[in-house]
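Chemist: Below is the file target.pdb, which contains PDB, N, CA and C atoms.
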```pdb
ATOM      1  N   MET A   1       4.542   7.554 -14.120
ATOM      2  CA  MET A   1       4.535   9.002 -14.251
ATOM      3  C   MET A   1       4.151   9.655 -12.921
ATOM      4  N   LYS A   2       3.054   9.199 -12.305
ATOM      5  CA  LYS A   2       2.615   9.786 -11.042
ATOM      6  C   LYS A   2       3.615   9.488  -9.931
ATOM      7  N   LYS A   3       4.227   8.314  -9.990
ATOM      8  CA  LYS A   3       5.228   7.957  -8.994
ATOM      9  C   LYS A   3       6.445   8.880  -9.108
ATOM     10  N   ASP A   4       6.861   9.185 -10.331
ATOM     11  CA  ASP A   4       8.002  10.079 -10.531
ATOM     12  C   ASP A   4       7.698  11.499 -10.066
ATOM     13  N   ILE A   5       6.473  11.961 -10.278
ATOM     14  CA  ILE A   5       6.089  13.296  -9.799
ATOM     15  C   ILE A   5       6.104  13.323  -8.278
ATOM     16  N   LEU A   6       5.613  12.263  -7.645
ATOM     17  CA  LEU A   6       5.637  12.173  -6.181
ATOM     18  C   LEU A   6       7.074  12.155  -5.658
ATOM     19  N   ILE A   7       7.946  11.428  -6.329
ATOM     20  CA  ILE A   7       9.362  11.420  -5.942
ATOM     21  C   ILE A   7       9.946  12.820  -6.093
ATOM     22  N   GLY A   8       9.582  13.528  -7.145
ATOM     23  CA  GLY A   8      10.052  14.904  -7.347
ATOM     24  C   GLY A   8       9.555  15.837  -6.258
ATOM     25  N   ILE A   9       8.305  15.644  -5.824
ATOM     26  CA  ILE A   9       7.761  16.461  -4.735
ATOM     27  C   ILE A   9       8.549  16.209  -3.456
ATOM     28  N   ILE A  10       8.874  14.951  -3.198
ATOM     29  CA  ILE A  10       9.655  14.622  -2.002
ATOM     30  C   ILE A  10      11.064  15.214  -2.103
ATOM     31  N   ILE A  11      11.671  15.137  -3.280
ATOM     32  CA  ILE A  11      12.996  15.739  -3.486
ATOM     33  C   ILE A  11      12.927  17.245  -3.255
ATOM     34  N   GLY A  12      11.886  17.891  -3.764
ATOM     35  CA  GLY A  12      11.724  19.333  -3.573
ATOM     36  C   GLY A  12      11.548  19.703  -2.113
ATOM     37  N   LEU A  13      10.774  18.901  -1.396
ATOM     38  CA  LEU A  13      10.572  19.152   0.033
ATOM     39  C   LEU A  13      11.873  18.970   0.805
ATOM     40  N   LEU A  14      12.609  17.912   0.490
ATOM     41  CA  LEU A  14      13.884  17.680   1.169
ATOM     42  C   LEU A  14      14.911  18.771   0.838
ATOM     43  N   ALA A  15      14.948  19.199  -0.414
ATOM     44  CA  ALA A  15      15.887  20.253  -0.804
ATOM     45  C   ALA A  15      15.551  21.561  -0.093
ATOM     46  N   ASN A  16      14.269  21.881  -0.013
ATOM     47  CA  ASN A  16      13.862  23.103   0.672
ATOM     48  C   ASN A  16      14.177  23.019   2.157
ATOM     49  N   THR A  17      13.907  21.872   2.766
ATOM     50  CA  THR A  17      14.198  21.688   4.182
ATOM     51  C   THR A  17      15.696  21.800   4.439
ATOM     52  N   LEU A  18      16.489  21.202   3.578
ATOM     53  CA  LEU A  18      17.939  21.299   3.718
ATOM     54  C   LEU A  18      18.408  22.742   3.583
ATOM     55  N   GLY A  19      17.828  23.477   2.649
ATOM     56  CA  GLY A  19      18.176  24.885   2.491
ATOM     57  C   GLY A  19      17.828  25.708   3.721
ATOM     58  N   VAL A  20      16.662  25.448   4.307
ATOM     59  CA  VAL A  20      16.261  26.153   5.530
ATOM     60  C   VAL A  20      17.218  25.805   6.670
ATOM     61  N   LEU A  21      17.575  24.540   6.787
ATOM     62  CA  LEU A  21      18.490  24.125   7.848
ATOM     63  C   LEU A  21      19.869  24.751   7.682
ATOM     64  N   ILE A  22      20.392  24.747   6.467
ATOM     65  CA  ILE A  22      21.711  25.347   6.221
ATOM     66  C   ILE A  22      21.684  26.829   6.552
ATOM     67  N   PHE A  23      20.655  27.532   6.100
ATOM     68  CA  PHE A  23      20.566  28.968   6.380
ATOM     69  C   PHE A  23      20.400  29.222   7.873
ATOM     70  N   SER A  24      19.592  28.401   8.539
ATOM     71  CA  SER A  24      19.391  28.570   9.975
ATOM     72  C   SER A  24      20.668  28.296  10.761
ATOM     73  N   PHE A  25      21.415  27.283  10.349
ATOM     74  CA  PHE A  25      22.695  27.009  11.014
ATOM     75  C   PHE A  25      23.674  28.152  10.784
ATOM     76  N   TYR A  26      23.643  28.741   9.583
ATOM     77  CA  TYR A  26      24.518  29.878   9.294
ATOM     78  C   TYR A  26      24.182  31.050  10.212
ATOM     79  N   ILE A  27      22.905  31.343  10.371
ATOM     80  CA  ILE A  27      22.486  32.423  11.264
ATOM     81  C   ILE A  27      22.798  32.065  12.708
ATOM     82  N   GLY A  28      22.522  30.833  13.088
ATOM     83  CA  GLY A  28      22.704  30.396  14.468
ATOM     84  C   GLY A  28      24.148  30.397  14.910
ATOM     85  N   THR A  29      25.063  30.048  14.012
ATOM     86  CA  THR A  29      26.465  30.005  14.410
ATOM     87  C   THR A  29      27.072  31.392  14.517
ATOM     88  N   THR A  30      26.518  32.347  13.787
ATOM     89  CA  THR A  30      27.082  33.690  13.865
ATOM     90  C   THR A  30      26.641  34.411  15.136
ATOM     91  N   GLN A  31      25.536  33.968  15.737
ATOM     92  CA  GLN A  31      25.028  34.657  16.924
ATOM     93  C   GLN A  31      24.840  33.706  18.099
ATOM     94  N   ASP A  32      25.472  32.536  18.061
ATOM     95  CA  ASP A  32      25.405  31.540  19.144
ATOM     96  C   ASP A  32      23.968  31.184  19.525
ATOM     97  N   ARG A  33      23.174  30.831  18.536
ATOM     98  CA  ARG A  33      21.788  30.414  18.764
ATOM     99  C   ARG A  33      21.630  28.964  18.339
ATOM    100  N   THR A  34      20.612  28.327  18.881
ATOM    101  CA  THR A  34      20.282  26.972  18.448
ATOM    102  C   THR A  34      19.313  27.044  17.272
ATOM    103  N   LEU A  35      19.160  25.918  16.590
ATOM    104  CA  LEU A  35      18.256  25.864  15.439
ATOM    105  C   LEU A  35      16.823  26.187  15.855
ATOM    106  N   THR A  36      16.389  25.616  16.949
ATOM    107  CA  THR A  36      15.031  25.862  17.437
ATOM    108  C   THR A  36      14.833  27.332  17.774
ATOM    109  N   ASN A  37      15.820  27.914  18.393
ATOM    110  CA  ASN A  37      15.740  29.326  18.766
ATOM    111  C   ASN A  37      15.667  30.221  17.533
ATOM    112  N   VAL A  38      16.451  29.900  16.515
ATOM    113  CA  VAL A  38      16.439  30.698  15.279
ATOM    114  C   VAL A  38      15.066  30.630  14.616
ATOM    115  N   LEU A  39      14.499  29.426  14.515
ATOM    116  CA  LEU A  39      13.197  29.276  13.849
ATOM    117  C   LEU A  39      12.066  29.900  14.661
ATOM    118  N   GLN A  40      12.114  29.778  15.989
ATOM    119  CA  GLN A  40      11.084  30.399  16.826
ATOM    120  C   GLN A  40      11.160  31.920  16.750
ATOM    121  N   THR A  41      12.359  32.456  16.752
ATOM    122  CA  THR A  41      12.533  33.904  16.634
ATOM    123  C   THR A  41      12.051  34.391  15.273
ATOM    124  N   ALA A  42      12.371  33.645  14.221
ATOM    125  CA  ALA A  42      11.928  34.024  12.881
ATOM    126  C   ALA A  42      10.408  33.997  12.782
ATOM    127  N   LEU A  43       9.774  33.005  13.397
ATOM    128  CA  LEU A  43       8.318  32.933  13.384
ATOM    129  C   LEU A  43       7.708  34.090  14.160
ATOM    130  N   ALA A  44       8.287  34.412  15.316
ATOM    131  CA  ALA A  44       7.760  35.499  16.146
ATOM    132  C   ALA A  44       7.931  36.853  15.461
ATOM    133  N   GLU A  45       9.021  37.026  14.720
ATOM    134  CA  GLU A  45       9.288  38.305  14.057
ATOM    135  C   GLU A  45       8.698  38.373  12.653
ATOM    136  N   GLY A  46       8.057  37.312  12.209
ATOM    137  CA  GLY A  46       7.441  37.313  10.883
ATOM    138  C   GLY A  46       8.435  37.129   9.757
ATOM    139  N   ARG A  47       9.556  36.490  10.020
ATOM    140  CA  ARG A  47      10.595  36.304   9.000
ATOM    141  C   ARG A  47      10.737  34.859   8.547
ATOM    142  N   LEU A  48       9.886  33.988   9.023
ATOM    143  CA  LEU A  48       9.987  32.580   8.655
ATOM    144  C   LEU A  48       9.730  32.386   7.156
ATOM    145  N   GLY A  49       8.838  33.154   6.591
ATOM    146  CA  GLY A  49       8.573  33.078   5.152
ATOM    147  C   GLY A  49       9.801  33.406   4.331
ATOM    148  N   LYS A  50      10.574  34.370   4.786
ATOM    149  CA  LYS A  50      11.803  34.737   4.074
ATOM    150  C   LYS A  50      12.836  33.625   4.155
ATOM    151  N   ILE A  51      12.923  32.967   5.305
ATOM    152  CA  ILE A  51      13.866  31.864   5.445
ATOM    153  C   ILE A  51      13.458  30.697   4.555
ATOM    154  N   ILE A  52      12.155  30.424   4.459
ATOM    155  CA  ILE A  52      11.679  29.363   3.576
ATOM    156  C   ILE A  52      11.982  29.708   2.121
ATOM    157  N   ALA A  53      11.813  30.971   1.753
ATOM    158  CA  ALA A  53      12.098  31.396   0.384
ATOM    159  C   ALA A  53      13.580  31.249   0.058
ATOM    160  N   ILE A  54      14.435  31.581   0.998
ATOM    161  CA  ILE A  54      15.870  31.415   0.780
ATOM    162  C   ILE A  54      16.217  29.932   0.687
ATOM    163  N   GLY A  55      15.560  29.120   1.498
ATOM    164  CA  GLY A  55      15.794  27.678   1.451
ATOM    165  C   GLY A  55      15.385  27.053   0.127
ATOM    166  N   ALA A  56      14.470  27.675  -0.583
ATOM    167  CA  ALA A  56      13.990  27.139  -1.856
ATOM    168  C   ALA A  56      15.023  27.268  -2.971
ATOM    169  N   VAL A  57      16.105  27.951  -2.718
ATOM    170  CA  VAL A  57      17.154  28.085  -3.737
ATOM    171  C   VAL A  57      17.720  26.713  -4.103
ATOM    172  N   LEU A  58      17.788  25.808  -3.144
ATOM    173  CA  LEU A  58      18.286  24.461  -3.448
ATOM    174  C   LEU A  58      17.341  23.698  -4.372
ATOM    175  N   ASN A  59      16.090  24.122  -4.451
ATOM    176  CA  ASN A  59      15.171  23.496  -5.404
ATOM    177  C   ASN A  59      15.617  23.751  -6.842
ATOM    178  N   LEU A  60      16.258  24.885  -7.077
ATOM    179  CA  LEU A  60      16.785  25.163  -8.416
ATOM    180  C   LEU A  60      17.836  24.142  -8.810
ATOM    181  N   VAL A  61      18.711  23.832  -7.867
ATOM    182  CA  VAL A  61      19.756  22.847  -8.134
ATOM    183  C   VAL A  61      19.129  21.488  -8.438
ATOM    184  N   ALA A  62      18.150  21.101  -7.627
ATOM    185  CA  ALA A  62      17.477  19.814  -7.843
ATOM    186  C   ALA A  62      16.730  19.812  -9.176
ATOM    187  N   PHE A  63      16.036  20.893  -9.484
ATOM    188  CA  PHE A  63      15.254  20.989 -10.717
ATOM    189  C   PHE A  63      16.144  20.847 -11.951
ATOM    190  N   PHE A  64      17.201  21.649 -12.021
ATOM    191  CA  PHE A  64      18.060  21.603 -13.202
ATOM    192  C   PHE A  64      18.884  20.322 -13.262
ATOM    193  N   GLY A  65      19.214  19.759 -12.102
ATOM    194  CA  GLY A  65      19.905  18.474 -12.090
ATOM    195  C   GLY A  65      19.038  17.365 -12.652
ATOM    196  N   LEU A  66      17.767  17.370 -12.272
ATOM    197  CA  LEU A  66      16.845  16.362 -12.802
ATOM    198  C   LEU A  66      16.581  16.566 -14.287
ATOM    199  N   LEU A  67      16.492  17.810 -14.724
ATOM    200  CA  LEU A  67      16.310  18.062 -16.156
ATOM    201  C   LEU A  67      17.515  17.584 -16.951
ATOM    202  N   ARG A  68      18.692  17.816 -16.412
ATOM    203  CA  ARG A  68      19.918  17.403 -17.101
ATOM    204  C   ARG A  68      19.979  15.881 -17.238
ATOM    205  N   GLN A  69      19.440  15.168 -16.255
ATOM    206  CA  GLN A  69      19.437  13.710 -16.296
ATOM    207  C   GLN A  69      18.280  13.145 -17.122
ATOM    208  N   GLY A  70      17.427  14.015 -17.625
ATOM    209  CA  GLY A  70      16.308  13.574 -18.454
ATOM    210  C   GLY A  70      15.121  13.063 -17.660
ATOM    211  N   GLN A  71      15.037  13.415 -16.404
ATOM    212  CA  GLN A  71      13.930  12.973 -15.556
ATOM    213  C   GLN A  71      12.915  14.124 -15.429
ATOM    214  N   ASP A  72      12.196  14.337 -16.514
ATOM    215  CA  ASP A  72      11.285  15.468 -16.590
ATOM    216  C   ASP A  72      10.140  15.386 -15.591
ATOM    217  N   ALA A  73       9.605  14.200 -15.347
ATOM    218  CA  ALA A  73       8.478  14.059 -14.420
ATOM    219  C   ALA A  73       8.910  14.398 -12.997
ATOM    220  N   ARG A  74      10.095  13.974 -12.610
ATOM    221  CA  ARG A  74      10.589  14.317 -11.272
ATOM    222  C   ARG A  74      10.870  15.810 -11.170
ATOM    223  N   ALA A  75      11.397  16.401 -12.234
ATOM    224  CA  ALA A  75      11.628  17.847 -12.242
ATOM    225  C   ALA A  75      10.300  18.587 -12.114
ATOM    226  N   ARG A  76       9.241  18.052 -12.714
ATOM    227  CA  ARG A  76       7.910  18.640 -12.588
ATOM    228  C   ARG A  76       7.440  18.605 -11.131
ATOM    229  N   GLY A  77       7.740  17.520 -10.424
ATOM    230  CA  GLY A  77       7.390  17.412  -9.011
ATOM    231  C   GLY A  77       8.131  18.440  -8.167
ATOM    232  N   VAL A  78       9.414  18.653  -8.470
ATOM    233  CA  VAL A  78      10.185  19.677  -7.754
ATOM    234  C   VAL A  78       9.589  21.060  -8.021
ATOM    235  N   LEU A  79       9.187  21.299  -9.256
ATOM    236  CA  LEU A  79       8.569  22.577  -9.598
ATOM    237  C   LEU A  79       7.252  22.765  -8.852
ATOM    238  N   LEU A  80       6.456  21.718  -8.750
ATOM    239  CA  LEU A  80       5.199  21.798  -7.992
ATOM    240  C   LEU A  80       5.462  22.129  -6.523
ATOM    241  N   MET A  81       6.489  21.512  -5.941
ATOM    242  CA  MET A  81       6.821  21.804  -4.541
ATOM    243  C   MET A  81       7.322  23.238  -4.391
ATOM    244  N   THR A  82       8.056  23.733  -5.360
ATOM    245  CA  THR A  82       8.524  25.113  -5.305
ATOM    246  C   THR A  82       7.347  26.084  -5.349
ATOM    247  N   ILE A  83       6.368  25.798  -6.178
ATOM    248  CA  ILE A  83       5.174  26.639  -6.244
ATOM    249  C   ILE A  83       4.406  26.575  -4.927
ATOM    250  N   ALA A  84       4.308  25.379  -4.350
ATOM    251  CA  ALA A  84       3.630  25.234  -3.055
ATOM    252  C   ALA A  84       4.354  26.040  -1.972
ATOM    253  N   MET A  85       5.672  26.013  -1.979
ATOM    254  CA  MET A  85       6.443  26.781  -0.995
ATOM    255  C   MET A  85       6.267  28.288  -1.220
ATOM    256  N   ALA A  86       6.067  28.684  -2.465
ATOM    257  CA  ALA A  86       5.804  30.095  -2.744
ATOM    258  C   ALA A  86       4.484  30.522  -2.110
ATOM    259  N   PHE A  87       3.466  29.657  -2.194
ATOM    260  CA  PHE A  87       2.190  29.974  -1.565
ATOM    261  C   PHE A  87       2.317  30.016  -0.034
ATOM    262  N   VAL A  88       3.061  29.071   0.531
ATOM    263  CA  VAL A  88       3.286  29.071   1.986
ATOM    264  C   VAL A  88       4.006  30.355   2.398
ATOM    265  N   THR A  89       4.985  30.762   1.621
ATOM    266  CA  THR A  89       5.718  31.997   1.922
ATOM    267  C   THR A  89       4.798  33.197   1.853
ATOM    268  N   MET A  90       3.925  33.245   0.834
ATOM    269  CA  MET A  90       2.985  34.361   0.739
ATOM    270  C   MET A  90       2.040  34.405   1.941
ATOM    271  N   ILE A  91       1.548  33.256   2.342
ATOM    272  CA  ILE A  91       0.640  33.195   3.485
ATOM    273  C   ILE A  91       1.345  33.665   4.750
ATOM    274  N   LEU A  92       2.589  33.217   4.954
ATOM    275  CA  LEU A  92       3.331  33.624   6.145
ATOM    276  C   LEU A  92       3.678  35.108   6.127
ATOM    277  N   MET A  93       3.942  35.651   4.960
ATOM    278  CA  MET A  93       4.340  37.062   4.888
ATOM    279  C   MET A  93       3.150  38.002   5.019
ATOM    280  N   PHE A  94       1.977  37.577   4.585
ATOM    281  CA  PHE A  94       0.825  38.471   4.616
ATOM    282  C   PHE A  94      -0.142  38.207   5.763
ATOM    283  N   SER A  95       0.183  37.279   6.632
ATOM    284  CA  SER A  95      -0.706  37.012   7.761
ATOM    285  C   SER A  95      -0.146  37.582   9.049
TER     286      SER A  95
END
```
For this file, produce the structure as structure tokens.
Modeler:
Amino acid sequence: MKKDILIGIIIGLLANTLGVLIFSFYIGTTQDRTLTNVLQTALAEGRLGKIIAIGAVLNLVAFFGLLRQGQDARARGVLLMTIAMAFVTMILMFS
């Protein structure tokens, strides 16, 4: 059970990271920026929290996919990671 929750947390982290990367590449290609430049600019302008929140959309896909497969413990781990990312986003937006 604990192993499945840990696997779900890792899946949630990877899904969120992939979402951030996809969104950053989308922004970067439209304005000829590199990934590092996009993330540094977002951090400097206080928009990194918004990019992380947009990246968390892929957690929905992972969550419902795991539920559909009957892997409730892993889906719980993805949900825990989504909640953790919500707290990180709040901290970044209000600091």
Chemist: Pick the closest to Ala53 in chain A from A:Met85, A:Leu13, A:Leu6, A:Ile22: which is it, counting only C-alpha atoms?
Modeler: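 Selected residue with least distance to Ala53 in chain A: A:Met85.
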Chemist: Contacts of Ile7 in chain A at 8 Å or less, counting only N, CA and C atoms, minus same-chain residues fewer than 5 places along, as a VMD selection string?
Modeler: chain A and resid 1 to 2 12 to 13 73 to 75 77 to 78
Chemist: Using only N, CA and C atoms, find the one residue out of A:Thr34, A:Leu48, A:Thr17, A:Gly28 that sits nearest to Met93 in chain A.
Modeler: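 Checking each of A:Thr34, A:Leu48, A:Thr17, A:Gly28 against Met93 in chain A, counting only N, CA and C atoms, the winner is A:Leu48.
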Chemist: Show me the residues close to (16.1, 29.0, 3.1) - anything with an atom within 12 Å, counting only C-alpha atoms - and format the list as a ChimeraX atom specification.
Modeler: /A:13-27,39,42,47-59,82,85-86,89
Chemist: So, with only N, CA and C atoms as the atoms that count, which of A:Ile83, A:Thr36, A:Val61, A:Gln71 lies closest to Asp4 in chain A?
Modeler: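 Looking at the shortest contact to Asp4 in chain A, the residue is A:Gln71.
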